[in-house]
$ cat query21.txt   # compact mmCIF, C-alpha atoms
# COMPACT_ATOMS: atom_id res chain seq x y z
CA MET A 8 -21.29 -8.48 34.17
CA ARG A 9 -23.14 -11.69 33.36
CA GLU A 10 -19.93 -13.49 32.40
CA PHE A 11 -18.23 -12.24 35.55
CA VAL A 12 -21.03 -13.64 37.72
CA LYS A 13 -20.86 -16.96 35.88
CA ARG A 14 -17.13 -17.23 36.52
CA ILE A 15 -17.65 -16.51 40.21
CA LEU A 16 -20.36 -19.16 40.48
CA ALA A 17 -18.62 -21.80 38.34
CA LYS A 18 -16.78 -23.66 41.11
CA PRO A 19 -19.72 -23.78 43.57
CA ILE A 20 -22.07 -24.94 40.81
CA LEU A 21 -19.61 -27.60 39.63
CA PHE A 22 -19.33 -28.87 43.20
CA PHE A 23 -23.12 -28.92 43.44
CA ASP A 24 -23.41 -30.88 40.17
CA LYS A 25 -20.93 -33.51 41.32
CA LEU A 26 -22.54 -33.77 44.75
CA VAL A 27 -26.15 -34.12 43.59
CA ILE A 28 -25.63 -36.41 40.59
CA GLY A 29 -22.90 -38.41 42.31
CA PHE A 30 -25.06 -39.01 45.37
CA TYR A 31 -27.99 -40.04 43.18
CA LEU A 32 -25.85 -42.53 41.26
CA TYR A 33 -24.56 -44.08 44.47
CA MET A 34 -28.14 -44.45 45.70
CA VAL A 35 -29.39 -46.17 42.53
CA LYS A 36 -26.27 -48.17 41.73
CA LYS A 37 -27.98 -51.43 42.66
CA LYS A 38 -30.40 -50.94 39.74
CA THR A 39 -27.50 -51.41 37.32
CA ALA A 40 -25.93 -54.46 38.96
CA GLY A 41 -26.45 -56.48 35.79
CA ILE A 42 -24.66 -54.17 33.32
CA LYS A 43 -21.95 -55.84 31.26
CA GLU A 44 -18.68 -54.58 29.88
CA LEU A 45 -18.95 -53.89 26.16
CA ILE A 46 -15.97 -55.25 24.26
CA PHE A 47 -15.65 -56.81 20.80
CA SER A 48 -12.72 -58.18 18.82
CA LYS A 49 -12.26 -58.27 15.04
CA LYS A 50 -15.77 -57.05 14.24
CA LYS A 51 -17.17 -54.47 11.85
CA VAL A 52 -18.84 -51.57 13.67
CA LEU A 53 -20.99 -48.89 12.08
CA ILE A 54 -21.63 -45.73 14.09
CA LEU A 55 -24.42 -43.34 13.12
CA ALA A 56 -23.64 -39.82 14.33
CA PRO A 57 -26.15 -36.97 13.89
CA HIS A 58 -23.35 -34.37 13.96
CA GLN A 59 -19.59 -34.19 13.65
CA ASP A 60 -18.44 -34.74 17.27
CA ASP A 61 -21.31 -36.97 18.45
CA GLU A 62 -19.33 -40.10 17.56
CA VAL A 63 -16.58 -39.08 19.98
CA LEU A 64 -18.91 -37.73 22.68
CA GLY A 65 -20.91 -40.95 22.79
CA CYS A 66 -18.39 -43.58 21.69
CA GLY A 67 -14.89 -42.05 21.96
CA CYS A 68 -13.62 -44.62 24.47
CA PHE A 69 -15.45 -47.44 22.69
CA ILE A 70 -13.77 -46.49 19.40
CA GLN A 71 -10.28 -46.42 20.91
CA GLN A 72 -10.79 -49.75 22.65
CA GLY A 73 -12.33 -51.25 19.51
CA ILE A 74 -9.43 -50.28 17.26
CA GLU A 75 -7.03 -51.84 19.76
CA GLU A 76 -9.10 -55.04 19.57
CA GLY A 77 -8.79 -55.19 15.80
CA ASN A 78 -12.27 -53.94 14.92
CA LYS A 79 -13.05 -51.99 11.76
CA ILE A 80 -15.08 -48.95 12.75
CA LYS A 81 -16.88 -46.71 10.29
CA CYS A 82 -18.91 -43.59 11.02
CA VAL A 83 -21.83 -42.13 9.08
CA PHE A 84 -22.63 -38.47 9.72
CA MET A 85 -26.31 -37.73 9.24
CA THR A 86 -26.22 -33.92 8.98
CA ASP A 87 -23.76 -31.35 7.67
CA GLY A 88 -23.27 -29.84 11.15
CA SER A 89 -23.77 -26.34 9.79
CA MET A 90 -25.65 -25.00 12.85
CA SER A 91 -22.92 -25.38 15.46
CA THR A 92 -22.24 -21.63 15.41
CA ASP A 93 -23.75 -18.56 13.77
CA SER A 94 -20.40 -16.77 13.46
CA ILE A 95 -19.57 -18.63 10.22
CA ASN A 96 -21.84 -18.94 7.19
CA LYS A 97 -23.45 -22.37 6.88
CA GLU A 98 -21.78 -23.43 3.65
CA THR A 99 -18.30 -22.69 4.97
CA LEU A 100 -19.06 -24.24 8.33
CA ALA A 101 -20.29 -27.46 6.73
CA LYS A 102 -16.98 -27.77 4.87
CA ILE A 103 -14.99 -27.10 8.05
CA ARG A 104 -16.88 -29.70 10.04
CA LYS A 105 -16.36 -32.29 7.33
CA ILE A 106 -12.62 -31.62 7.37
CA GLU A 107 -12.59 -31.93 11.17
CA ALA A 108 -14.51 -35.24 11.04
CA LEU A 109 -12.06 -36.65 8.48
CA GLU A 110 -9.16 -35.60 10.70
CA VAL A 111 -10.74 -37.29 13.73
CA ALA A 112 -11.31 -40.50 11.77
CA LYS A 113 -7.65 -40.47 10.74
CA LYS A 114 -6.42 -39.83 14.28
CA LEU A 115 -8.55 -42.66 15.65
CA LYS A 116 -7.62 -45.00 12.76
CA MET A 117 -11.23 -45.45 11.74
CA GLU A 118 -12.49 -46.28 8.27
CA LEU A 119 -13.21 -43.40 5.89
CA PRO A 120 -16.51 -41.88 7.09
CA GLU A 121 -19.65 -41.31 5.03
CA PHE A 122 -21.61 -38.03 4.95
CA LEU A 123 -25.35 -37.83 4.23
CA ASN A 124 -25.19 -34.00 4.37
CA LYS A 125 -28.75 -33.54 5.61
CA GLY A 126 -29.72 -30.19 7.10
CA ASP A 127 -28.48 -29.63 10.64
CA GLY A 128 -31.35 -29.18 13.09
CA VAL A 129 -34.02 -30.33 10.64
CA LEU A 130 -33.24 -34.03 10.25
CA ASP A 131 -36.47 -35.80 9.31
CA SER A 132 -37.06 -39.16 10.99
CA ASN A 133 -39.14 -40.18 7.95
CA ASP A 134 -36.56 -39.13 5.36
CA ILE A 135 -36.82 -42.02 2.88
CA ASP A 136 -33.71 -40.94 0.99
CA ALA A 137 -31.67 -41.00 4.21
CA SER A 138 -33.01 -44.45 5.14
CA LYS A 139 -32.18 -45.81 1.68
CA LYS A 140 -28.63 -44.45 1.92
CA ILE A 141 -28.15 -45.97 5.38
CA ALA A 142 -29.52 -49.27 4.09
CA GLU A 143 -27.05 -49.18 1.19
CA ILE A 144 -24.13 -48.45 3.54
CA ILE A 145 -25.17 -51.29 5.85
CA ASP A 146 -25.52 -53.67 2.90
CA LYS A 147 -22.07 -52.73 1.57
CA PHE A 148 -20.15 -52.53 4.87
CA LYS A 149 -21.99 -55.48 6.47
CA PRO A 150 -21.47 -54.45 10.10
CA ASP A 151 -21.63 -56.88 13.00
CA ILE A 152 -22.58 -54.03 15.35
CA ILE A 153 -24.50 -50.80 14.70
CA MET A 154 -24.29 -47.92 17.19
CA PHE A 155 -26.70 -44.96 17.19
CA PRO A 156 -28.00 -42.33 19.65
CA TYR A 157 -30.77 -43.36 22.03
CA PHE A 158 -33.92 -41.61 20.83
CA MET A 159 -34.83 -40.14 24.23
CA ASP A 160 -32.36 -37.30 23.89
CA GLY A 161 -32.55 -33.53 24.06
CA HIS A 162 -31.86 -32.85 20.37
CA SER A 163 -34.27 -33.48 17.49
CA ASP A 164 -31.52 -34.76 15.16
CA HIS A 165 -30.41 -37.29 17.77
CA SER A 166 -33.95 -38.61 18.11
CA ALA A 167 -34.61 -38.61 14.36
CA THR A 168 -31.57 -40.79 13.69
CA SER A 169 -33.33 -43.74 15.31
CA GLY A 170 -36.34 -43.32 13.04
CA ILE A 171 -34.13 -43.30 9.95
CA LEU A 172 -32.29 -46.42 11.11
CA ILE A 173 -35.53 -48.25 11.90
CA ASN A 174 -36.79 -47.58 8.37
CA ALA A 175 -33.42 -48.57 6.90
CA MET A 176 -33.37 -51.88 8.77
CA GLU A 177 -36.73 -52.76 7.30
CA LEU A 178 -35.36 -52.33 3.78
CA ILE A 179 -32.59 -54.93 4.11
CA LYS A 180 -31.72 -58.16 5.84
CA ASN A 181 -29.08 -57.68 8.50
CA ASN A 182 -28.38 -59.45 11.77
CA ALA A 183 -26.16 -56.83 13.35
CA ARG A 184 -26.38 -56.31 17.11
CA LEU A 185 -27.80 -52.87 17.88
CA PHE A 186 -26.55 -50.59 20.64
CA ALA A 187 -27.84 -47.13 21.53
CA TYR A 188 -25.38 -44.66 23.01
CA GLU A 189 -25.97 -41.50 25.02
CA ILE A 190 -24.72 -38.07 23.98
CA ASN A 191 -25.88 -35.16 26.12
CA SER A 192 -28.97 -36.60 27.77
CA PRO A 193 -28.26 -39.77 29.80
CA ILE A 194 -30.06 -42.99 28.88
CA SER A 195 -30.54 -43.31 32.66
CA VAL A 196 -29.95 -46.15 35.11
CA TYR A 197 -33.27 -47.67 34.06
CA GLY A 198 -32.18 -48.27 30.49
CA ILE A 199 -28.45 -49.05 30.34
CA THR A 200 -27.23 -52.59 29.71
CA HIS A 201 -23.52 -52.17 28.90
CA TYR A 202 -20.54 -49.94 29.63
CA VAL A 203 -17.06 -49.26 28.30
CA ASP A 204 -14.35 -48.58 30.85
CA CYS A 205 -12.76 -45.24 29.91
CA THR A 206 -9.87 -45.43 32.41
CA SER A 207 -7.26 -45.83 29.66
CA TYR A 208 -9.04 -43.69 27.09
CA MET A 209 -10.61 -40.61 28.70
CA SER A 210 -7.60 -38.34 28.33
CA ARG A 211 -7.33 -39.03 24.60
CA LYS A 212 -11.08 -38.70 24.16
CA SER A 213 -10.82 -35.20 25.60
CA ASP A 214 -7.86 -34.37 23.34
CA ILE A 215 -9.60 -35.73 20.22
CA LEU A 216 -12.65 -33.54 20.91
CA LYS A 217 -10.38 -30.50 20.62
CA THR A 218 -10.13 -31.28 16.90
CA TYR A 219 -13.73 -30.08 16.63
CA LYS A 220 -12.75 -26.44 17.00
CA SER A 221 -15.83 -25.27 15.11
CA GLN A 222 -18.15 -26.58 17.86
CA THR A 223 -18.82 -23.68 20.22
CA MET A 224 -20.73 -25.64 22.87
CA SER A 225 -18.75 -27.03 25.79
CA PHE A 226 -17.83 -30.71 25.91
CA GLY A 227 -16.88 -30.50 29.58
CA THR A 228 -20.22 -31.57 31.05
CA VAL A 229 -20.41 -34.70 28.84
CA LEU A 230 -16.91 -35.70 29.96
CA LEU A 231 -17.87 -35.02 33.57
CA MET A 232 -20.96 -37.20 33.15
CA ASN A 233 -18.72 -39.99 31.80
CA LYS A 234 -16.60 -39.63 34.92
CA LEU A 235 -19.59 -39.68 37.30
CA ASN A 236 -21.11 -42.67 35.51
CA GLY A 237 -18.03 -44.60 36.57
CA ILE A 238 -19.82 -44.94 39.91
CA LEU A 239 -22.28 -47.36 38.31
CA ALA A 240 -19.56 -49.66 36.97
CA GLY A 241 -17.10 -49.25 39.81
CA THR A 242 -14.37 -47.63 37.69
CA ASP A 243 -12.33 -44.61 38.70
CA GLY A 244 -11.69 -43.46 35.13
CA GLY A 245 -15.31 -43.10 34.07
CA VAL A 246 -17.43 -45.02 31.57
CA GLU A 247 -19.50 -44.65 28.43
CA LEU A 248 -22.96 -46.19 28.77
CA PHE A 249 -25.05 -48.07 26.21
CA ARG A 250 -28.32 -49.94 25.82
CA GLU A 251 -28.47 -53.07 23.70
CA ILE A 252 -31.53 -52.87 21.50
CA ASP A 253 -34.04 -55.51 20.48
CA PHE A 254 -35.21 -54.17 17.12
CA ASP A 255 -38.92 -55.03 17.33
CA SER A 256 -39.25 -53.76 20.89
CA TYR A 257 -37.33 -50.56 20.14
CA LYS A 258 -39.42 -49.91 17.04
CA LYS A 259 -42.65 -50.22 19.04
CA THR A 260 -41.29 -47.94 21.75
CA TYR A 261 -40.13 -45.37 19.20
CA GLU A 262 -43.54 -45.36 17.50
CA LYS A 263 -45.29 -44.99 20.85
CA TYR A 264 -43.21 -42.12 22.21
CA ASN A 265 -41.71 -40.40 19.18
CA LYS A 266 -43.88 -40.92 16.11
CA ASP A 267 -43.87 -37.16 15.45
CA ASN A 268 -40.20 -36.74 16.51
CA LYS A 269 -41.03 -34.30 19.29
CA VAL A 270 -39.98 -36.39 22.29
CA TRP A 271 -36.69 -34.45 22.43
CA MET A 272 -38.64 -31.50 23.85
CA ARG A 273 -39.18 -33.53 27.03
CA PHE A 274 -35.44 -33.46 27.77
CA ARG A 275 -32.62 -30.95 27.97
CA GLN A 276 -29.11 -31.05 26.55
CA MET A 277 -26.28 -31.37 29.03
CA TYR A 278 -23.93 -28.78 27.58
CA SER A 279 -23.40 -26.49 30.57
CA ILE A 280 -22.58 -26.96 34.25
CA TYR A 281 -25.20 -24.28 34.99
CA PHE A 282 -28.09 -26.61 34.15
CA MET A 283 -26.37 -29.99 34.38
CA VAL A 284 -28.53 -31.23 37.26
CA ILE A 285 -31.71 -30.07 35.52
CA ALA A 286 -30.62 -31.78 32.30
CA TYR A 287 -29.88 -35.02 34.12
CA PHE A 288 -33.23 -35.32 35.85
CA LYS A 289 -35.55 -33.72 33.29
CA GLY A 290 -37.63 -36.45 31.67
CA LEU A 291 -36.16 -39.18 33.89
CA GLY A 292 -39.62 -40.63 34.57
CA LEU A 293 -40.29 -40.93 30.84
CA LYS A 294 -36.97 -42.69 30.29
CA LYS A 295 -37.87 -45.17 33.03
CA GLU A 296 -41.27 -45.76 31.43
CA GLY A 297 -39.73 -46.20 27.98
CA ALA A 298 -37.15 -48.70 29.24
CA LYS A 299 -39.85 -50.76 30.97
CA TYR A 300 -41.99 -50.70 27.82
CA GLN A 301 -39.07 -52.06 25.80
CA ASP A 302 -38.29 -54.74 28.37
CA PHE A 303 -41.93 -55.81 28.41
CA GLY A 304 -41.99 -55.96 24.62
CA MET A 305 -38.93 -58.23 24.56
CA LYS A 306 -40.67 -60.72 26.87
CA GLN A 307 -43.75 -61.05 24.68
$ encode --input "query21.txt" --output "structure tokens"
Amino acid sequence: MREFVKRILAKPILFFDKLVIGFYLYMVKKKTAGIKELIFSKKKVLILAPHQDDEVLGCGCFIQQGIEEGNKIKCVFMTDGSMSTDSINKETLAKIRKIEALEVAKKLKMELPEFLNKGDGVLDSNDIDASKKIAEIIDKFKPDIIMFPYFMDGHSDHSATSGILINAMELIKNNARLFAYEINSPISVYGITHYVDCTSYMSRKSDILKTYKSQTMSFGTVLLMNKLNGILAGTDGGVELFREIDFDSYKKTYEKYNKDNKVWMRFRQMYSIYFMVIAYFKGLGLKKEGAKYQDFGMKQ
């Protein structure tokens, strides 16, 4: 009965989601007038992904564009992804998700990925071993750009990844440009600085995500959010949004708002049309405050 009701309500709710979020984005578009298109050529890019699929959800269009531009792109998966479903035992699921991630990397012509194999759902932002491994990978790969999830996100592993990277960056000398990407909780119009035009890449991004068959949560709302975010950049095909990070400012902001890695509780994951509007606006004030705190720190 519950599933029947959900099917009946799906179209009206989807219309409501598009109407509310779309109208909001049109109203606040002027706040993002300064965002720049993110495009690099012949660079080394390192992407930190908490789980197998996050790299495509947050950077799928960026990856495709980057490979076309001659960039070398390598992904590091922080966890084993073994909590994506409870219908398969964790050990088997971890193996499946690794196979899927390797297949995605091959399809997208990325470099061979690295796997830290930390526990899914329990990633520790102060994991020294993880930070040392990330530092070693950075030192060996020598990326020009490092991408990672923005810490104000609705999943603890997504938030913790920033803490691990911050600690790793303090262990080595590296001048890579840092960019935070959004996964299932938008960075918000108050924090974004760059976008990637997905017009030529959205269809393949959607197809590539189908490789992650072991992920039971829907990708549809993230793709819809990409499409709606096109309003901010004036593109019909949707965009992926990013925030360029000043390390010192970001570190201070992270320590202020997420020292105990519980800030994720202030947000909600955008994995269903039935609470898409709630997920978009929940914690929006905090994201605005955090962005202003970072901006202020950069000016000091």
$ closest_residue --input "query21.txt" --among "A:Glu110, A:Glu44, A:Asp146, A:Asp302" --to "Leu178 (chain A)" --atoms "only C-alpha atoms"
A:Asp146
$ closest_residue --input "query21.txt" --among "A:Phe69, A:Tyr300, A:Tyr208, A:Phe30" --to "Tyr264 (chain A)" --atoms "only C-alpha atoms"
A:Tyr300
$ closest_atom_pairs --input "query21.txt" --of "region 44-160 of chain A" --to "region 186-198 of chain A" --cutoff "7 Å" --atoms "only C-alpha atoms" --output "JSON lines"
{"residue": "A:Asp61", "atom": "CA", "partner": "A:Ile190", "partner_atom": "CA", "distance": 6.6}
{"residue": "A:Leu64", "atom": "CA", "partner": "A:Ile190", "partner_atom": "CA", "distance": 6.0}
{"residue": "A:Gly65", "atom": "CA", "partner": "A:Ile190", "partner_atom": "CA", "distance": 4.9}
{"residue": "A:Ile153", "atom": "CA", "partner": "A:Phe186", "partner_atom": "CA", "distance": 6.3}
{"residue": "A:Met154", "atom": "CA", "partner": "A:Phe186", "partner_atom": "CA", "distance": 4.9}
{"residue": "A:Phe155", "atom": "CA", "partner": "A:Ala187", "partner_atom": "CA", "distance": 5.0}
{"residue": "A:Pro156", "atom": "CA", "partner": "A:Tyr188", "partner_atom": "CA", "distance": 4.9}
{"residue": "A:Tyr157", "atom": "CA", "partner": "A:Ala187", "partner_atom": "CA", "distance": 4.8}
{"residue": "A:Asp160", "atom": "CA", "partner": "A:Ser192", "partner_atom": "CA", "distance": 5.2}
$ residues_around --input "query21.txt" --residues "Ile80 (chain A)" --least-positions-apart "5" --cutoff "12 Å" --atoms "all atoms listed in the file" --output "PyMOL selection string"
chain A and resi 47-55+62+66-67+69-75+112-113+115-121+148-154
$ atom_distance --input "query21.txt" --atom1 "CA of Tyr219 (chain A)" --atom2 "CA of Thr242 (chain A)"
27.4 Å
$ atom_distance --input "query21.txt" --atom1 "CA of Asn236 (chain A)" --atom2 "CA of Tyr281 (chain A)"
18.8 Å
$ closest_residue --input "query21.txt" --among "A:Ile238, A:Val229, A:Asp255, A:Asp164" --to "Met34 (chain A)" --atoms "all atoms listed in the file"
A:Ile238
$ atom_distance --input "query21.txt" --atom1 "CA of Lys140 (chain A)" --atom2 "CA of Asn265 (chain A)"
22.0 Å
$ closest_residue --input "query21.txt" --among "A:Asp253, A:Ala240, A:Lys299, A:Phe158" --to "Lys37 (chain A)" --atoms "only C-alpha atoms"
A:Ala240
$ residues_near_point --input "query21.txt" --point "(-37.5, -53.9, 27.8)" --cutoff "12 Å" --atoms "only C-alpha atoms" --output "PyMOL selection string"
chain A and resi 197-200+250-260+294-307
$ closest_residue --input "query21.txt" --among "A:Ala167, A:Ile145, A:Val203, A:Val111" --to "Ile215 (chain A)" --atoms "only C-alpha atoms"
A:Val111
$ closest_residue --input "query21.txt" --among "A:Thr39, A:Asn268, A:Ser89, A:Asn78" --to "Gly170 (chain A)" --atoms "all atoms listed in the file"
A:Asn268
$ build_atoms --input "query21.txt" --residues "region 191-221 of chain A" --atoms "N, CA and C atoms" --output "PDB file, in the coordinates of the input"
ATOM      1  N   ASN A 191     -25.814 -36.215  25.097  1.00  0.00           N
ATOM      2  CA  ASN A 191     -25.880 -35.160  26.120  1.00  0.00           C
ATOM      3  C   ASN A 191     -27.127 -35.244  26.973  1.00  0.00           C
ATOM      4  N   SER A 192     -27.844 -36.344  26.877  1.00  0.00           N
ATOM      5  CA  SER A 192     -28.970 -36.600  27.770  1.00  0.00           C
ATOM      6  C   SER A 192     -28.891 -38.070  28.150  1.00  0.00           C
ATOM      7  N   PRO A 193     -28.528 -38.384  29.393  1.00  0.00           N
ATOM      8  CA  PRO A 193     -28.260 -39.770  29.800  1.00  0.00           C
ATOM      9  C   PRO A 193     -29.410 -40.731  29.494  1.00  0.00           C
ATOM     10  N   ILE A 194     -29.059 -41.948  29.081  1.00  0.00           N
ATOM     11  CA  ILE A 194     -30.060 -42.990  28.880  1.00  0.00           C
ATOM     12  C   ILE A 194     -30.783 -43.252  30.190  1.00  0.00           C
ATOM     13  N   SER A 195     -30.081 -43.156  31.276  1.00  0.00           N
ATOM     14  CA  SER A 195     -30.540 -43.310  32.660  1.00  0.00           C
ATOM     15  C   SER A 195     -30.263 -44.718  33.169  1.00  0.00           C
ATOM     16  N   VAL A 196     -30.250 -44.860  34.471  1.00  0.00           N
ATOM     17  CA  VAL A 196     -29.950 -46.150  35.110  1.00  0.00           C
ATOM     18  C   VAL A 196     -31.017 -47.184  34.793  1.00  0.00           C
ATOM     19  N   TYR A 197     -32.181 -46.743  34.346  1.00  0.00           N
ATOM     20  CA  TYR A 197     -33.270 -47.670  34.060  1.00  0.00           C
ATOM     21  C   TYR A 197     -33.130 -48.319  32.688  1.00  0.00           C
ATOM     22  N   GLY A 198     -32.265 -47.774  31.842  1.00  0.00           N
ATOM     23  CA  GLY A 198     -32.180 -48.270  30.490  1.00  0.00           C
ATOM     24  C   GLY A 198     -30.848 -48.885  30.074  1.00  0.00           C
ATOM     25  N   ILE A 199     -29.770 -48.587  30.789  1.00  0.00           N
ATOM     26  CA  ILE A 199     -28.450 -49.050  30.340  1.00  0.00           C
ATOM     27  C   ILE A 199     -28.281 -50.557  30.533  1.00  0.00           C
ATOM     28  N   THR A 200     -27.526 -51.159  29.623  1.00  0.00           N
ATOM     29  CA  THR A 200     -27.230 -52.590  29.710  1.00  0.00           C
ATOM     30  C   THR A 200     -25.733 -52.867  29.662  1.00  0.00           C
ATOM     31  N   HIS A 201     -24.951 -51.942  29.080  1.00  0.00           N
ATOM     32  CA  HIS A 201     -23.520 -52.170  28.900  1.00  0.00           C
ATOM     33  C   HIS A 201     -22.720 -50.890  29.185  1.00  0.00           C
ATOM     34  N   TYR A 202     -21.442 -51.075  29.415  1.00  0.00           N
ATOM     35  CA  TYR A 202     -20.540 -49.940  29.630  1.00  0.00           C
ATOM     36  C   TYR A 202     -19.179 -50.231  29.014  1.00  0.00           C
ATOM     37  N   VAL A 203     -18.453 -49.162  28.723  1.00  0.00           N
ATOM     38  CA  VAL A 203     -17.060 -49.260  28.300  1.00  0.00           C
ATOM     39  C   VAL A 203     -16.228 -48.510  29.327  1.00  0.00           C
ATOM     40  N   ASP A 204     -15.238 -49.171  29.858  1.00  0.00           N
ATOM     41  CA  ASP A 204     -14.350 -48.580  30.850  1.00  0.00           C
ATOM     42  C   ASP A 204     -13.433 -47.561  30.150  1.00  0.00           C
ATOM     43  N   CYS A 205     -13.525 -46.312  30.561  1.00  0.00           N
ATOM     44  CA  CYS A 205     -12.760 -45.240  29.910  1.00  0.00           C
ATOM     45  C   CYS A 205     -11.432 -44.927  30.619  1.00  0.00           C
ATOM     46  N   THR A 206     -11.059 -45.720  31.613  1.00  0.00           N
ATOM     47  CA  THR A 206      -9.870 -45.430  32.410  1.00  0.00           C
ATOM     48  C   THR A 206      -8.639 -45.160  31.543  1.00  0.00           C
ATOM     49  N   SER A 207      -8.448 -45.965  30.513  1.00  0.00           N
ATOM     50  CA  SER A 207      -7.260 -45.830  29.660  1.00  0.00           C
ATOM     51  C   SER A 207      -7.475 -44.906  28.466  1.00  0.00           C
ATOM     52  N   TYR A 208      -8.702 -44.385  28.320  1.00  0.00           N
ATOM     53  CA  TYR A 208      -9.040 -43.690  27.090  1.00  0.00           C
ATOM     54  C   TYR A 208      -9.592 -42.266  27.268  1.00  0.00           C
ATOM     55  N   MET A 209      -9.926 -41.892  28.500  1.00  0.00           N
ATOM     56  CA  MET A 209     -10.610 -40.610  28.700  1.00  0.00           C
ATOM     57  C   MET A 209      -9.756 -39.412  28.310  1.00  0.00           C
ATOM     58  N   SER A 210      -8.478 -39.464  28.640  1.00  0.00           N
ATOM     59  CA  SER A 210      -7.600 -38.340  28.330  1.00  0.00           C
ATOM     60  C   SER A 210      -7.531 -38.095  26.821  1.00  0.00           C
ATOM     61  N   ARG A 211      -7.400 -39.184  26.056  1.00  0.00           N
ATOM     62  CA  ARG A 211      -7.330 -39.030  24.600  1.00  0.00           C
ATOM     63  C   ARG A 211      -8.671 -38.619  24.024  1.00  0.00           C
ATOM     64  N   LYS A 212      -9.754 -39.118  24.613  1.00  0.00           N
ATOM     65  CA  LYS A 212     -11.080 -38.700  24.160  1.00  0.00           C
ATOM     66  C   LYS A 212     -11.207 -37.192  24.275  1.00  0.00           C
ATOM     67  N   SER A 213     -10.770 -36.644  25.392  1.00  0.00           N
ATOM     68  CA  SER A 213     -10.820 -35.200  25.600  1.00  0.00           C
ATOM     69  C   SER A 213      -9.957 -34.462  24.578  1.00  0.00           C
ATOM     70  N   ASP A 214      -8.768 -34.999  24.306  1.00  0.00           N
ATOM     71  CA  ASP A 214      -7.860 -34.370  23.340  1.00  0.00           C
ATOM     72  C   ASP A 214      -8.444 -34.426  21.924  1.00  0.00           C
ATOM     73  N   ILE A 215      -9.027 -35.568  21.559  1.00  0.00           N
ATOM     74  CA  ILE A 215      -9.600 -35.730  20.220  1.00  0.00           C
ATOM     75  C   ILE A 215     -10.737 -34.732  19.995  1.00  0.00           C
ATOM     76  N   LEU A 216     -11.534 -34.487  21.032  1.00  0.00           N
ATOM     77  CA  LEU A 216     -12.650 -33.540  20.910  1.00  0.00           C
ATOM     78  C   LEU A 216     -12.175 -32.130  20.577  1.00  0.00           C
ATOM     79  N   LYS A 217     -10.928 -31.821  20.924  1.00  0.00           N
ATOM     80  CA  LYS A 217     -10.380 -30.500  20.620  1.00  0.00           C
ATOM     81  C   LYS A 217     -10.209 -30.286  19.119  1.00  0.00           C
ATOM     82  N   THR A 218     -10.221 -31.390  18.365  1.00  0.00           N
ATOM     83  CA  THR A 218     -10.130 -31.280  16.900  1.00  0.00           C
ATOM     84  C   THR A 218     -11.360 -30.571  16.351  1.00  0.00           C
ATOM     85  N   TYR A 219     -12.487 -30.731  17.057  1.00  0.00           N
ATOM     86  CA  TYR A 219     -13.730 -30.080  16.630  1.00  0.00           C
ATOM     87  C   TYR A 219     -13.759 -28.637  17.140  1.00  0.00           C
ATOM     88  N   LYS A 220     -12.878 -27.844  16.582  1.00  0.00           N
ATOM     89  CA  LYS A 220     -12.750 -26.440  17.000  1.00  0.00           C
ATOM     90  C   LYS A 220     -13.961 -25.610  16.605  1.00  0.00           C
ATOM     91  N   SER A 221     -14.688 -26.045  15.588  1.00  0.00           N
ATOM     92  CA  SER A 221     -15.830 -25.270  15.110  1.00  0.00           C
ATOM     93  C   SER A 221     -17.055 -25.417  16.023  1.00  0.00           C
TER      94      SER A 221
END
